[in-house]
>>> print(open('work_15.pdb').read())   # PDB, C-alpha atoms
MODEL        1
ATOM      1  CA  MET A   1      45.033-102.606 135.255
ATOM      2  CA  SER A   2      44.299 -99.347 137.069
ATOM      3  CA  LEU A   3      41.158 -97.418 136.222
ATOM      4  CA  GLN A   4      42.751 -94.265 137.678
ATOM      5  CA  ALA A   5      39.708 -93.946 139.919
ATOM      6  CA  PRO A   6      41.006 -91.092 142.118
ATOM      7  CA  GLU A   7      41.392 -88.924 139.018
ATOM      8  CA  PHE A   8      37.960 -89.923 137.695
ATOM      9  CA  PHE A   9      36.238 -89.073 140.980
ATOM     10  CA  ALA A  10      38.193 -85.807 141.139
ATOM     11  CA  GLU A  11      36.710 -84.978 137.704
ATOM     12  CA  LEU A  12      33.232 -85.396 139.209
ATOM     13  CA  CYS A  13      34.012 -82.563 141.654
ATOM     14  CA  LEU A  14      31.891 -84.061 144.411
ATOM     15  CA  PRO A  15      31.686 -81.635 147.348
ATOM     16  CA  PHE A  16      32.100 -84.083 150.225
ATOM     17  CA  HIS A  17      35.065 -83.173 152.453
ATOM     18  CA  ASP A  18      35.115 -86.521 154.282
ATOM     19  CA  HIS A  19      35.888 -88.905 151.420
ATOM     20  CA  THR A  20      38.482 -91.327 150.171
ATOM     21  CA  VAL A  21      39.079 -93.575 147.190
ATOM     22  CA  VAL A  22      40.081 -97.156 147.929
ATOM     23  CA  GLY A  23      40.975 -99.149 144.853
ATOM     24  CA  ASN A  24      38.292 -98.228 142.322
ATOM     25  CA  THR A  25      35.649 -97.224 144.886
ATOM     26  CA  TYR A  26      34.754 -93.796 146.248
ATOM     27  CA  PHE A  27      33.587 -93.616 149.869
ATOM     28  CA  ALA A  28      32.149 -90.490 151.515
ATOM     29  CA  VAL A  29      30.436 -89.229 154.641
ATOM     30  CA  PRO A  30      28.178 -86.563 153.125
ATOM     31  CA  VAL A  31      26.709 -85.433 156.469
ATOM     32  CA  ARG A  32      29.026 -85.400 159.478
ATOM     33  CA  GLY A  33      27.652 -87.314 162.430
ATOM     34  CA  ALA A  34      25.006 -89.092 160.358
ATOM     35  CA  PRO A  35      25.196 -92.890 160.145
ATOM     36  CA  LEU A  36      24.654 -93.125 156.376
ATOM     37  CA  ARG A  37      27.603 -93.357 153.999
ATOM     38  CA  LEU A  38      27.946 -93.019 150.238
ATOM     39  CA  ARG A  39      29.773 -95.533 148.039
ATOM     40  CA  ILE A  40      30.334 -95.144 144.308
ATOM     41  CA  ASP A  41      31.711 -97.995 142.172
ATOM     42  CA  PHE A  42      32.238 -98.466 138.466
ATOM     43  CA  SER A  43      29.567-100.790 137.110
ATOM     44  CA  ARG A  44      30.717-103.576 134.825
ATOM     45  CA  THR A  45      29.131-104.582 131.551
ATOM     46  CA  ILE A  46      28.770-108.085 130.157
ATOM     47  CA  HIS A  47      32.167-107.641 128.470
ATOM     48  CA  ALA A  48      35.354-108.361 130.419
ATOM     49  CA  ASP A  49      37.140-105.317 131.863
ATOM     50  CA  THR A  50      34.526-102.936 130.411
ATOM     51  CA  TYR A  51      32.574-100.397 132.461
ATOM     52  CA  GLY A  52      29.266 -98.836 131.496
ATOM     53  CA  GLY A  53      28.455 -96.506 134.366
ATOM     54  CA  LEU A  54      28.518 -95.933 138.084
ATOM     55  CA  ARG A  55      26.690 -97.670 140.903
ATOM     56  CA  VAL A  56      25.853 -95.215 143.671
ATOM     57  CA  THR A  57      25.002 -96.844 146.992
ATOM     58  CA  VAL A  58      23.789 -95.588 150.363
ATOM     59  CA  VAL A  59      25.271 -97.724 153.133
ATOM     60  CA  HIS A  60      24.449 -97.938 156.842
ATOM     61  CA  PRO A  61      27.311 -99.228 159.050
ATOM     62  CA  ASP A  62      25.058-101.719 160.876
ATOM     63  CA  ARG A  63      22.370-102.540 158.312
ATOM     64  CA  GLY A  64      24.502-102.597 155.184
ATOM     65  CA  GLU A  65      23.246-101.440 151.815
ATOM     66  CA  ILE A  66      20.108 -99.322 152.141
ATOM     67  CA  ASP A  67      19.585 -98.221 148.532
ATOM     68  CA  ALA A  68      21.441 -98.164 145.222
ATOM     69  CA  VAL A  69      21.068 -96.724 141.764
ATOM     70  CA  ALA A  70      22.878 -97.495 138.513
ATOM     71  CA  LEU A  71      23.862 -94.459 136.456
ATOM     72  CA  SER A  72      24.825 -95.459 132.931
ATOM     73  CA  PHE A  73      27.330 -93.457 130.931
ATOM     74  CA  VAL A  74      24.997 -93.593 127.917
ATOM     75  CA  ASP A  75      22.012 -92.143 129.794
ATOM     76  CA  HIS A  76      24.114 -89.269 131.152
ATOM     77  CA  GLY A  77      26.027 -88.421 127.965
ATOM     78  CA  THR A  78      29.400 -89.155 129.522
ATOM     79  CA  PHE A  79      31.034 -90.371 126.310
ATOM     80  CA  HIS A  80      28.683 -88.818 123.766
ATOM     81  CA  ARG A  81      31.276 -86.412 122.324
ATOM     82  CA  ARG A  82      34.005 -89.055 122.211
ATOM     83  CA  ASP A  83      31.743 -91.607 120.540
ATOM     84  CA  GLU A  84      30.376 -89.097 118.061
ATOM     85  CA  ALA A  85      33.880 -87.932 117.115
ATOM     86  CA  ALA A  86      35.059 -91.532 116.655
ATOM     87  CA  ASN A  87      31.842 -92.498 114.825
ATOM     88  CA  THR A  88      31.222 -95.267 117.372
ATOM     89  CA  ARG A  89      27.869 -96.854 116.670
ATOM     90  CA  PRO A  90      25.243 -97.472 119.364
ATOM     91  CA  ASN A  91      24.827-101.063 120.562
ATOM     92  CA  THR A  92      28.515-101.828 120.182
ATOM     93  CA  LYS A  93      30.889-102.788 122.982
ATOM     94  CA  GLN A  94      32.720 -99.446 122.834
ATOM     95  CA  TYR A  95      29.645 -97.177 122.757
ATOM     96  CA  GLY A  96      29.184 -95.278 126.021
ATOM     97  CA  THR A  97      31.732 -97.419 127.869
ATOM     98  CA  PHE A  98      35.400 -97.582 128.667
ATOM     99  CA  ASP A  99      37.682-100.509 129.283
ATOM    100  CA  THR A 100      41.033-101.103 130.939
ATOM    101  CA  TYR A 101      42.907-100.850 127.642
ATOM    102  CA  HIS A 102      43.888 -97.321 126.712
ATOM    103  CA  ARG A 103      46.528 -95.145 125.101
ATOM    104  CA  PRO A 104      49.719 -94.733 127.146
ATOM    105  CA  GLY A 105      49.671 -91.602 129.256
ATOM    106  CA  ARG A 106      45.887 -91.262 129.053
ATOM    107  CA  PRO A 107      43.276 -92.503 131.532
ATOM    108  CA  PRO A 108      41.024 -95.363 130.426
ATOM    109  CA  TRP A 109      38.023 -93.019 130.665
ATOM    110  CA  ASP A 110      39.644 -90.413 128.396
ATOM    111  CA  GLY A 111      37.024 -88.239 126.708
ATOM    112  CA  ALA A 112      34.496 -88.451 129.552
ATOM    113  CA  VAL A 113      32.290 -85.455 130.298
ATOM    114  CA  ALA A 114      31.196 -85.864 133.906
ATOM    115  CA  THR A 115      28.557 -83.109 134.151
ATOM    116  CA  GLY A 116      25.538 -85.384 133.617
ATOM    117  CA  LEU A 117      26.810 -87.952 136.112
ATOM    118  CA  ARG A 118      27.553 -85.264 138.672
ATOM    119  CA  ASP A 119      24.064 -83.818 138.326
ATOM    120  CA  ALA A 120      22.518 -87.282 138.731
ATOM    121  CA  ILE A 121      24.614 -87.969 141.837
ATOM    122  CA  GLU A 122      23.567 -84.598 143.239
ATOM    123  CA  GLN A 123      19.876 -85.400 142.685
ATOM    124  CA  TYR A 124      20.219 -88.866 144.203
ATOM    125  CA  THR A 125      22.161 -87.750 147.254
ATOM    126  CA  ALA A 126      19.740 -84.879 147.878
ATOM    127  CA  VAL A 127      17.166 -87.517 148.819
ATOM    128  CA  TRP A 128      19.403 -89.383 151.280
ATOM    129  CA  PHE A 129      21.630 -86.535 152.449
ATOM    130  CA  PRO A 130      19.523 -83.354 152.363
ATOM    131  CA  GLY A 131      21.619 -80.210 152.390
ATOM    132  CA  ALA A 132      24.922 -82.044 151.951
ATOM    133  CA  TRP A 133      25.724 -80.240 148.707
ATOM    134  CA  THR A 134      24.983 -76.777 150.061
ATOM    135  CA  VAL A 135      26.815 -77.358 153.358
ATOM    136  CA  SER A 136      29.852 -79.160 151.941
ATOM    137  CA  ALA A 137      30.791 -76.749 149.197
ATOM    138  CA  PRO A 138      29.634 -73.708 147.303
ATOM    139  CA  GLY A 139      27.872 -74.295 144.004
ATOM    140  CA  ARG A 140      30.083 -75.231 141.113
ATOM    141  CA  THR A 141      29.094 -72.032 139.322
ATOM    142  CA  ALA A 142      30.781 -70.056 142.087
ATOM    143  CA  THR A 143      34.151 -71.572 141.179
ATOM    144  CA  ARG A 144      33.896 -71.014 137.445
ATOM    145  CA  PRO A 145      34.686 -67.639 135.940
ATOM    146  CA  VAL A 146      31.853 -65.856 134.235
ATOM    147  CA  LEU A 147      32.625 -65.029 130.641
ATOM    148  CA  SER A 148      31.034 -61.991 129.120
ATOM    149  CA  ALA A 149      31.111 -60.854 125.555
ATOM    150  CA  ALA A 150      30.342 -57.455 124.151
ATOM    151  CA  VAL A 151      26.975 -57.403 122.439
ATOM    152  CA  PRO A 152      26.340 -54.838 119.709
ATOM    153  CA  PRO A 153      23.364 -52.568 120.316
ATOM    154  CA  ILE A 154      20.100 -53.511 118.665
ATOM    155  CA  THR A 155      18.873 -51.098 116.038
ATOM    156  CA  ARG A 156      15.221 -51.210 115.218
ATOM    157  CA  ASN A 157      15.150 -48.891 112.204
ATOM    158  CA  GLY A 158      16.854 -51.374 109.924
ATOM    159  CA  ALA A 159      20.022 -49.298 109.676
ATOM    160  CA  ARG A 160      23.284 -51.147 109.687
ATOM    161  CA  THR A 161      25.864 -50.598 112.411
ATOM    162  CA  ARG A 162      29.560 -51.173 112.138
TER     163      ARG A 162
ENDMDL
END
>>> encode(input="work_15.pdb", output="structure tokens")
Amino acid sequence: MSLQAPEFFAELCLPFHDHTVVGNTYFAVPVRGAPLRLRIDFSRTIHADTYGGLRVTVVHPDRGEIDAVALSFVDHGTFHRRDEAANTRPNTKQYGTFDTYHRPGRPPWDGAVATGLRDAIEQYTAVWFPGAWTVSAPGRTATRPVLSAAVPPITRNGARTR
């Protein structure tokens, strides 16, 4: 069953222009002309068809895998809101994971908040691909609108304002 990986990786908003998703794996060239590549896979758990995080790998075309890190959904709060809302208990199969079985019309990773994973990928890739995030795309705050709210003036004399 499809994990809808292209949509999941789109949710991560990774800034790499030279990328593709093949099957359930994301491949990228973070720095043009550099030999190192980035590969991101879903990491399996001990339960069949259940995924508990991402495996981020730096690959060299001639030497193969150079380095890898496992980023768990639990450690990065990916499903914290979903699990809290559903009262899913820690140390159960469903806690901080997703599986291939899901509601029709919804992705299997429904309820994921990708901010923590994205930040971890940014930190990891900064070591192997320095400057790739600043060169590839503007900061994610530049694409989000800034919300401002009117703040009532502060009165120090204890008088009430309406």
>>> residues_around(input="work_15.pdb", residues="stretch 47-59 of chain A", least_positions_apart="6", cutoff="7 Å", atoms="all atoms listed in the file", output="ChimeraX atom specification")
/A:36-41,65-73,96-100
>>> write_last_selection(input="work_15.pdb", atoms="C-alpha atoms", output="short mmCIF file (atom, residue, chain, number, x, y, z; two decimals), keeping the file's coordinate frame")
data_model
loop_
_atom_site.label_atom_id
_atom_site.label_comp_id
_atom_site.auth_asym_id
_atom_site.auth_seq_id
_atom_site.Cartn_x
_atom_site.Cartn_y
_atom_site.Cartn_z
CA LEU A 36 24.65 -93.12 156.38
CA ARG A 37 27.60 -93.36 154.00
CA LEU A 38 27.95 -93.02 150.24
CA ARG A 39 29.77 -95.53 148.04
CA ILE A 40 30.33 -95.14 144.31
CA ASP A 41 31.71 -98.00 142.17
CA GLU A 65 23.25 -101.44 151.82
CA ILE A 66 20.11 -99.32 152.14
CA ASP A 67 19.58 -98.22 148.53
CA ALA A 68 21.44 -98.16 145.22
CA VAL A 69 21.07 -96.72 141.76
CA ALA A 70 22.88 -97.50 138.51
CA LEU A 71 23.86 -94.46 136.46
CA SER A 72 24.82 -95.46 132.93
CA PHE A 73 27.33 -93.46 130.93
CA GLY A 96 29.18 -95.28 126.02
CA THR A 97 31.73 -97.42 127.87
CA PHE A 98 35.40 -97.58 128.67
CA ASP A 99 37.68 -100.51 129.28
CA THR A 100 41.03 -101.10 130.94
#
>>> atom_distance(input="work_15.pdb", atom1="atom CA of A:Ala34", atom2="atom CA of A:Val22")
21.1 Å
>>> residues_around(input="work_15.pdb", residues="A:Phe9", least_positions_apart="6", cutoff="10 Å", atoms="only C-alpha atoms", output="VMD selection string")
chain A and resid 20 to 21 24 to 26 40 114 118
>>> resolve_selection(input="work_15.pdb", expression="the PyMOL selection byres ((chain A and resi 129) around 12)", output="PDB file with C-alpha atoms, in the frame of the given file")
ATOM      1  CA  PHE A  16      32.100 -84.083 150.225  1.00  0.00           C
ATOM      2  CA  ALA A  28      32.149 -90.490 151.515  1.00  0.00           C
ATOM      3  CA  VAL A  29      30.436 -89.229 154.641  1.00  0.00           C
ATOM      4  CA  PRO A  30      28.178 -86.563 153.125  1.00  0.00           C
ATOM      5  CA  VAL A  31      26.709 -85.433 156.469  1.00  0.00           C
ATOM      6  CA  ARG A  32      29.026 -85.400 159.478  1.00  0.00           C
ATOM      7  CA  GLY A  33      27.652 -87.314 162.430  1.00  0.00           C
ATOM      8  CA  ALA A  34      25.006 -89.092 160.358  1.00  0.00           C
ATOM      9  CA  PRO A  35      25.196 -92.890 160.145  1.00  0.00           C
ATOM     10  CA  LEU A  36      24.654 -93.125 156.376  1.00  0.00           C
ATOM     11  CA  ARG A  37      27.603 -93.357 153.999  1.00  0.00           C
ATOM     12  CA  LEU A  38      27.946 -93.019 150.238  1.00  0.00           C
ATOM     13  CA  VAL A  58      23.789 -95.588 150.363  1.00  0.00           C
ATOM     14  CA  VAL A  59      25.271 -97.724 153.133  1.00  0.00           C
ATOM     15  CA  ILE A 121      24.614 -87.969 141.837  1.00  0.00           C
ATOM     16  CA  GLU A 122      23.567 -84.598 143.239  1.00  0.00           C
ATOM     17  CA  GLN A 123      19.876 -85.400 142.685  1.00  0.00           C
ATOM     18  CA  TYR A 124      20.219 -88.866 144.203  1.00  0.00           C
ATOM     19  CA  THR A 125      22.161 -87.750 147.254  1.00  0.00           C
ATOM     20  CA  ALA A 126      19.740 -84.879 147.878  1.00  0.00           C
ATOM     21  CA  VAL A 127      17.166 -87.517 148.819  1.00  0.00           C
ATOM     22  CA  TRP A 128      19.403 -89.383 151.280  1.00  0.00           C
ATOM     23  CA  PRO A 130      19.523 -83.354 152.363  1.00  0.00           C
ATOM     24  CA  GLY A 131      21.619 -80.210 152.390  1.00  0.00           C
ATOM     25  CA  ALA A 132      24.922 -82.044 151.951  1.00  0.00           C
ATOM     26  CA  TRP A 133      25.724 -80.240 148.707  1.00  0.00           C
ATOM     27  CA  THR A 134      24.983 -76.777 150.061  1.00  0.00           C
ATOM     28  CA  VAL A 135      26.815 -77.358 153.358  1.00  0.00           C
ATOM     29  CA  SER A 136      29.852 -79.160 151.941  1.00  0.00           C
TER      30      SER A 136
END
>>> atom_distance(input="work_15.pdb", atom1="atom CA of A:Pro6", atom2="atom CA of A:Ala85")
26.2 Å
>>> atom_distance(input="work_15.pdb", atom1="atom CA of A:Ala120", atom2="atom CA of A:Leu14")
11.4 Å
>>> residues_around(input="work_15.pdb", residues="stretch 109-112 of chain A", least_positions_apart="3", cutoff="6 Å", atoms="all atoms listed in the file", output="CSV table (one decimal) with C-alpha atoms, in the coordinates of the input")
chain,number,residue,atom,x,y,z
A,78,THR,CA,29.4,-89.2,129.5
A,79,PHE,CA,31.0,-90.4,126.3
A,82,ARG,CA,34.0,-89.1,122.2
A,98,PHE,CA,35.4,-97.6,128.7
>>> closest_residue(input="work_15.pdb", among="A:Gly23, A:Pro61, A:Gly77, A:Pro104", to="A:Leu3", atoms="all atoms listed in the file")
A:Gly23
>>> closest_residue(input="work_15.pdb", among="A:Asp18, A:Asp75, A:Glu7, A:Asp62", to="A:Pro108", atoms="all atoms listed in the file")
A:Glu7
